[in-house]
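Printed here is structure_31.cif (mmCIF, C-alpha atoms):
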data_input
#
loop_
_atom_site.label_atom_id
_atom_site.label_comp_id
_atom_site.auth_asym_id
_atom_site.auth_seq_id
_atom_site.Cartn_x
_atom_site.Cartn_y
_atom_site.Cartn_z
CA THR A 1 25.90 18.42 -16.93
CA ALA A 2 23.36 15.59 -17.06
CA THR A 3 21.14 17.38 -14.55
CA SER A 4 21.28 20.61 -16.55
CA LEU A 5 20.47 18.71 -19.74
CA ASN A 6 17.50 17.05 -18.04
CA ASN A 7 16.22 20.37 -16.72
CA LEU A 8 16.40 22.01 -20.14
CA ALA A 9 14.75 18.96 -21.70
CA LEU A 10 11.95 19.16 -19.14
CA LEU A 11 11.41 22.82 -20.03
CA TYR A 12 11.11 21.89 -23.69
CA SER A 13 8.85 18.95 -22.91
CA ASN A 14 6.54 21.16 -20.82
CA GLN A 15 6.19 23.38 -23.88
CA GLY A 16 5.45 20.44 -26.13
CA LEU A 17 8.81 20.78 -27.87
CA PHE A 18 9.47 17.05 -27.75
CA SER A 19 11.87 16.95 -30.70
CA GLN A 20 14.12 19.40 -28.86
CA ALA A 21 13.78 17.59 -25.53
CA GLU A 22 14.56 14.08 -26.76
CA PRO A 23 18.23 14.52 -27.77
CA LEU A 24 18.98 16.32 -24.51
CA THR A 25 17.34 13.57 -22.47
CA LYS A 26 19.22 10.89 -24.40
CA ARG A 27 22.51 12.75 -23.92
CA ALA A 28 21.89 13.03 -20.17
CA LEU A 29 21.19 9.29 -20.04
CA ALA A 30 24.39 8.51 -21.96
CA ILE A 31 26.44 10.70 -19.62
CA ARG A 32 25.03 9.00 -16.54
CA GLU A 33 25.48 5.50 -17.96
CA LYS A 34 29.12 6.26 -18.80
CA ALA A 35 29.96 8.09 -15.57
CA LEU A 36 27.90 6.11 -13.06
CA GLY A 37 27.18 2.80 -14.71
CA SER A 38 24.05 1.15 -16.03
CA ASP A 39 22.86 0.07 -12.57
CA HIS A 40 23.06 3.41 -10.76
CA PRO A 41 19.88 5.05 -9.38
CA SER A 42 20.68 8.30 -11.22
CA THR A 43 20.87 6.36 -14.48
CA ALA A 44 17.46 4.89 -13.64
CA LEU A 45 16.19 8.45 -13.12
CA SER A 46 17.41 9.37 -16.60
CA LEU A 47 15.64 6.31 -18.01
CA ASN A 48 12.46 7.43 -16.26
CA ASN A 49 12.87 10.89 -17.76
CA LEU A 50 13.18 9.49 -21.28
CA ALA A 51 10.25 7.15 -20.70
CA SER A 52 8.15 10.07 -19.44
CA LEU A 53 9.03 12.06 -22.53
CA TYR A 54 7.79 9.21 -24.71
CA SER A 55 4.73 8.68 -22.54
CA ASP A 56 3.80 12.37 -22.78
CA GLN A 57 3.76 11.93 -26.56
CA GLY A 58 1.60 8.81 -26.38
CA LEU A 59 4.54 6.61 -27.43
CA HIS A 60 3.65 3.89 -24.94
CA ARG A 61 5.55 1.09 -26.67
CA GLN A 62 8.76 3.08 -26.41
CA ALA A 63 8.13 4.16 -22.83
CA GLU A 64 7.19 0.81 -21.30
CA PRO A 65 10.56 -1.02 -21.62
CA LEU A 66 12.37 2.03 -20.27
CA TYR A 67 10.07 2.25 -17.25
CA LYS A 68 10.48 -1.48 -16.64
CA ARG A 69 14.26 -1.27 -16.90
CA ALA A 70 14.35 1.72 -14.53
CA LEU A 71 12.21 -0.18 -12.03
CA VAL A 72 14.54 -3.19 -12.11
CA MET A 73 17.57 -0.94 -11.70
CA THR A 74 16.04 0.97 -8.81
CA GLU A 75 14.98 -2.19 -6.99
CA LYS A 76 18.44 -3.69 -7.46
CA ALA A 77 20.30 -0.57 -6.32
CA LEU A 78 18.03 0.65 -3.52
CA GLY A 79 15.81 -2.27 -2.59
CA SER A 80 12.20 -3.21 -3.13
CA ASP A 81 10.97 -1.06 -0.22
CA HIS A 82 12.70 2.22 -1.13
CA PRO A 83 10.63 5.34 -1.93
CA ASP A 84 12.40 5.66 -5.29
CA THR A 85 11.16 2.17 -6.12
CA ALA A 86 7.66 3.41 -5.34
CA LEU A 87 8.19 6.26 -7.78
CA SER A 88 9.27 3.83 -10.51
CA LEU A 89 6.26 1.63 -9.79
CA ASN A 90 3.99 4.63 -10.01
CA ASN A 91 5.45 5.72 -13.34
CA LEU A 92 4.82 2.32 -14.89
CA ALA A 93 1.34 2.18 -13.35
CA SER A 94 0.54 5.59 -14.78
CA LEU A 95 1.57 4.41 -18.24
CA TYR A 96 -0.75 1.42 -17.95
CA SER A 97 -3.56 3.59 -16.63
CA ASP A 98 -3.18 5.99 -19.56
CA GLN A 99 -3.67 3.01 -21.86
CA GLY A 100 -6.75 1.80 -19.97
CA LEU A 101 -4.84 -1.24 -18.64
CA TYR A 102 -6.26 -0.82 -15.16
CA SER A 103 -5.76 -4.42 -14.05
CA GLN A 104 -2.04 -3.99 -14.70
CA ALA A 105 -1.87 -0.55 -13.11
CA GLU A 106 -3.71 -1.35 -9.88
CA PRO A 107 -1.24 -3.80 -8.26
CA LEU A 108 1.67 -1.48 -9.07
CA THR A 109 -0.16 1.50 -7.58
CA LYS A 110 -1.07 -0.45 -4.45
CA ARG A 111 2.51 -1.64 -4.05
CA ALA A 112 3.81 1.94 -4.40
CA LEU A 113 1.35 3.04 -1.72
CA ALA A 114 2.43 0.24 0.62
CA ILE A 115 6.09 1.14 0.16
CA ARG A 116 5.49 4.80 0.92
CA GLU A 117 3.34 4.02 3.96
CA LYS A 118 6.06 1.76 5.34
CA ALA A 119 9.10 3.86 4.40
CA LEU A 120 7.72 7.36 4.94
CA GLY A 121 4.79 6.83 7.27
CA PRO A 122 1.04 7.10 6.87
CA ASP A 123 1.03 10.90 7.27
CA HIS A 124 3.70 11.81 4.71
CA PRO A 125 2.73 13.96 1.69
CA ASP A 126 4.18 11.34 -0.69
CA THR A 127 1.89 8.76 0.89
CA ALA A 128 -0.99 11.13 0.17
CA THR A 129 0.20 11.31 -3.44
CA SER A 130 0.03 7.52 -3.67
CA LEU A 131 -3.46 7.56 -2.19
CA ASN A 132 -4.44 10.13 -4.81
CA ASN A 133 -2.93 7.95 -7.54
CA LEU A 134 -4.98 4.94 -6.46
CA ALA A 135 -8.09 7.06 -6.12
CA PHE A 136 -7.53 8.49 -9.60
CA LEU A 137 -7.19 4.96 -10.98
CA TYR A 138 -10.55 4.01 -9.47
CA ASP A 139 -12.07 7.31 -10.56
CA ARG A 140 -11.08 6.66 -14.19
CA GLN A 141 -12.89 3.34 -14.04
CA GLY A 142 -16.06 4.87 -12.60
CA LEU A 143 -15.46 3.20 -9.23
CA TYR A 144 -16.42 6.33 -7.36
CA SER A 145 -17.29 4.67 -4.06
CA GLN A 146 -13.74 3.27 -3.93
CA ALA A 147 -12.11 6.52 -5.06
CA GLU A 148 -13.87 8.90 -2.66
CA PRO A 149 -12.50 7.65 0.68
CA LEU A 150 -8.99 7.57 -0.77
CA TYR A 151 -9.28 11.14 -2.03
CA LYS A 152 -10.62 12.22 1.37
CA HIS A 153 -7.83 10.43 3.25
CA ALA A 154 -5.23 12.04 0.98
CA LEU A 155 -6.78 15.44 1.63
CA VAL A 156 -6.60 14.97 5.40
CA ILE A 157 -2.93 13.97 5.19
CA THR A 158 -2.05 16.86 2.90
CA GLU A 159 -3.85 19.46 4.99
CA LYS A 160 -2.19 18.15 8.15
CA ALA A 161 1.29 17.99 6.63
CA LEU A 162 1.27 21.08 4.44
CA GLY A 163 -1.49 23.29 5.84
CA LEU A 164 -4.96 24.26 4.74
CA ASP A 165 -3.76 26.87 2.26
CA HIS A 166 -0.89 24.98 0.59
#

With the file now loaded, output its structure as structure tokens.
Amino acid sequence: TATSLNNLALLYSNQGLFSQAEPLTKRALAIREKALGSDHPSTALSLNNLASLYSDQGLHRQAEPLYKRALVMTEKALGSDHPDTALSLNNLASLYSDQGLYSQAEPLTKRALAIREKALGPDHPDTATSLNNLAFLYDRQGLYSQAEPLYKHALVITEKALGLDH
């Protein structure tokens, strides 16, 4: 039920219907907390979903503690080198980047990249996503000479893994 609630909430969120998405996302979170516990990775996923909903609305103060809590939960449940931890790091980094807090976003983005390289390998599409995230962070700051090689490396990985026409 929680997954179905999250999916419907995501549909509403994608349409900008945030007031319809929020109660569904909160209900999914409550279900997972009750059924799985407050330290379960799926509960952390629901926290990330609620934080993303707030972030999409520019409600950064509401999103940040949820992203931080989800990161702590994920690290505790799965370890500091798990790909899901990288995802949580990336979500928090993205929030900081959206606020122009690049010095806070960069170490999180680099750590997410390192985790994915180690856990998934240097040629995995998710590693390419992390390279793109770091490149985008540099791009936003006008650090084009730092962004370009990362974008190019991500492109090579993606073309190799998924094909030229993906």

The residues within 12 Å of (8.3, 1.9, -12.1), using all atoms listed in the file and the coordinates of the file, should be reported as a tab-separated table (two decimals) with C-alpha atoms, in the coordinates of the input; which are they?
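Here's the written file part_1.tsv:
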chain	number	residue	atom	x	y	z
A	44	ALA	CA	17.46	4.89	-13.64
A	45	LEU	CA	16.19	8.45	-13.12
A	47	LEU	CA	15.64	6.31	-18.01
A	48	ASN	CA	12.46	7.43	-16.26
A	49	ASN	CA	12.87	10.89	-17.76
A	51	ALA	CA	10.25	7.15	-20.70
A	52	SER	CA	8.15	10.07	-19.44
A	63	ALA	CA	8.13	4.16	-22.83
A	64	GLU	CA	7.19	0.81	-21.30
A	65	PRO	CA	10.56	-1.02	-21.62
A	66	LEU	CA	12.37	2.03	-20.27
A	67	TYR	CA	10.07	2.25	-17.25
A	68	LYS	CA	10.48	-1.48	-16.64
A	69	ARG	CA	14.26	-1.27	-16.90
A	70	ALA	CA	14.35	1.72	-14.53
A	71	LEU	CA	12.21	-0.18	-12.03
A	72	VAL	CA	14.54	-3.19	-12.11
A	73	MET	CA	17.57	-0.94	-11.70
A	74	THR	CA	16.04	0.97	-8.81
A	75	GLU	CA	14.98	-2.19	-6.99
A	80	SER	CA	12.20	-3.21	-3.13
A	82	HIS	CA	12.70	2.22	-1.13
A	83	PRO	CA	10.63	5.34	-1.93
A	84	ASP	CA	12.40	5.66	-5.29
A	85	THR	CA	11.16	2.17	-6.12
A	86	ALA	CA	7.66	3.41	-5.34
A	87	LEU	CA	8.19	6.26	-7.78
A	88	SER	CA	9.27	3.83	-10.51
A	89	LEU	CA	6.26	1.63	-9.79
A	90	ASN	CA	3.99	4.63	-10.01
A	91	ASN	CA	5.45	5.72	-13.34
A	92	LEU	CA	4.82	2.32	-14.89
A	93	ALA	CA	1.34	2.18	-13.35
A	94	SER	CA	0.54	5.59	-14.78
A	95	LEU	CA	1.57	4.41	-18.24
A	96	TYR	CA	-0.75	1.42	-17.95
A	105	ALA	CA	-1.87	-0.55	-13.11
A	107	PRO	CA	-1.24	-3.80	-8.26
A	108	LEU	CA	1.67	-1.48	-9.07
A	109	THR	CA	-0.16	1.50	-7.58
A	111	ARG	CA	2.51	-1.64	-4.05
A	112	ALA	CA	3.81	1.94	-4.40

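The interatomic distance for the pair atom CA of Ser19 of chain A and atom CA of Gln57 of chain A works out to 10.4 Å.
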
Separating atom CA of Ile115 of chain A from atom CA of Arg140 of chain A, to the nearest tenth of an Å, is a gap of 23.0 Å

Translate the PyMOL selection byres ((chain A and resi 31) around 12) into a concrete residue list for this structure, as an mmCIF file with C-alpha atoms, in the frame of the given file.
data_model
loop_
_atom_site.group_PDB
_atom_site.id
_atom_site.type_symbol
_atom_site.label_atom_id
_atom_site.label_comp_id
_atom_site.auth_asym_id
_atom_site.auth_seq_id
_atom_site.Cartn_x
_atom_site.Cartn_y
_atom_site.Cartn_z
ATOM 1 C CA THR A 1 25.900 18.420 -16.930
ATOM 2 C CA ALA A 2 23.360 15.590 -17.060
ATOM 3 C CA THR A 3 21.140 17.380 -14.550
ATOM 4 C CA SER A 4 21.280 20.610 -16.550
ATOM 5 C CA LEU A 5 20.470 18.710 -19.740
ATOM 6 C CA ASN A 6 17.500 17.050 -18.040
ATOM 7 C CA LEU A 24 18.980 16.320 -24.510
ATOM 8 C CA THR A 25 17.340 13.570 -22.470
ATOM 9 C CA LYS A 26 19.220 10.890 -24.400
ATOM 10 C CA ARG A 27 22.510 12.750 -23.920
ATOM 11 C CA ALA A 28 21.890 13.030 -20.170
ATOM 12 C CA LEU A 29 21.190 9.290 -20.040
ATOM 13 C CA ALA A 30 24.390 8.510 -21.960
ATOM 14 C CA ARG A 32 25.030 9.000 -16.540
ATOM 15 C CA GLU A 33 25.480 5.500 -17.960
ATOM 16 C CA LYS A 34 29.120 6.260 -18.800
ATOM 17 C CA ALA A 35 29.960 8.090 -15.570
ATOM 18 C CA LEU A 36 27.900 6.110 -13.060
ATOM 19 C CA GLY A 37 27.180 2.800 -14.710
ATOM 20 C CA SER A 38 24.050 1.150 -16.030
ATOM 21 C CA HIS A 40 23.060 3.410 -10.760
ATOM 22 C CA SER A 42 20.680 8.300 -11.220
ATOM 23 C CA THR A 43 20.870 6.360 -14.480
ATOM 24 C CA SER A 46 17.410 9.370 -16.600
ATOM 25 C CA LEU A 47 15.640 6.310 -18.010
#

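For the choices A:Ser13, A:Ala77, A:Lys160, A:Tyr102, the atom-to-atom distance to Ser55 of chain A is smallest for A:Ser13 when using all atoms listed in the file.
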
Selection dump of the PyMOL selection byres ((chain A and resi 155) around 10), as a PDB file with C-alpha atoms, in the frame of the given file:
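The resulting file, expr.pdb, is reproduced below:
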ATOM      1  CA  PRO A 125       2.730  13.960   1.690  1.00  0.00           C
ATOM      2  CA  ALA A 128      -0.990  11.130   0.170  1.00  0.00           C
ATOM      3  CA  THR A 129       0.200  11.310  -3.440  1.00  0.00           C
ATOM      4  CA  LEU A 131      -3.460   7.560  -2.190  1.00  0.00           C
ATOM      5  CA  ASN A 132      -4.440  10.130  -4.810  1.00  0.00           C
ATOM      6  CA  PRO A 149     -12.500   7.650   0.680  1.00  0.00           C
ATOM      7  CA  LEU A 150      -8.990   7.570  -0.770  1.00  0.00           C
ATOM      8  CA  TYR A 151      -9.280  11.140  -2.030  1.00  0.00           C
ATOM      9  CA  LYS A 152     -10.620  12.220   1.370  1.00  0.00           C
ATOM     10  CA  HIS A 153      -7.830  10.430   3.250  1.00  0.00           C
ATOM     11  CA  ALA A 154      -5.230  12.040   0.980  1.00  0.00           C
ATOM     12  CA  VAL A 156      -6.600  14.970   5.400  1.00  0.00           C
ATOM     13  CA  ILE A 157      -2.930  13.970   5.190  1.00  0.00           C
ATOM     14  CA  THR A 158      -2.050  16.860   2.900  1.00  0.00           C
ATOM     15  CA  GLU A 159      -3.850  19.460   4.990  1.00  0.00           C
ATOM     16  CA  LYS A 160      -2.190  18.150   8.150  1.00  0.00           C
ATOM     17  CA  ALA A 161       1.290  17.990   6.630  1.00  0.00           C
ATOM     18  CA  LEU A 164      -4.960  24.260   4.740  1.00  0.00           C
TER      19      LEU A 164
END

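Put simply, atom CA of Asn133 of chain A is 25.4 Å away from atom CA of Phe18 of chain A.
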
Which of these residues is nearest to Leu162 of chain A, using all atoms listed in the file: A:Asp126, A:His60, A:Gln99, A:Asp139?
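Distance minimum relative to Leu162 of chain A lands on A:Asp126.
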
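Each of A:Pro122, A:Pro23, A:Tyr138, A:Leu113 was compared to Gly100 of chain A using all atoms listed in the file, and A:Tyr138 turns out to be the nearest.
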
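Comparing A:Pro41, A:Gly163, A:Asp123, A:Leu53 by their smallest distance to Gln20 of chain A, the closest is A:Leu53 (using all atoms listed in the file).
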
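When all atoms listed in the file are used to compute distances to Glu106 of chain A, the closest of the residues A:Leu120, A:Leu137, A:Ala21, A:Leu78 turns out to be A:Leu137.
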
Which of A:Asp56, A:Asp39, A:Asp98, A:Asp165 sits closest to Lys76 of chain A [using all atoms listed in the file]
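Of A:Asp56, A:Asp39, A:Asp98, A:Asp165, the one nearest Lys76 of chain A, counting all atoms listed in the file, is A:Asp39.
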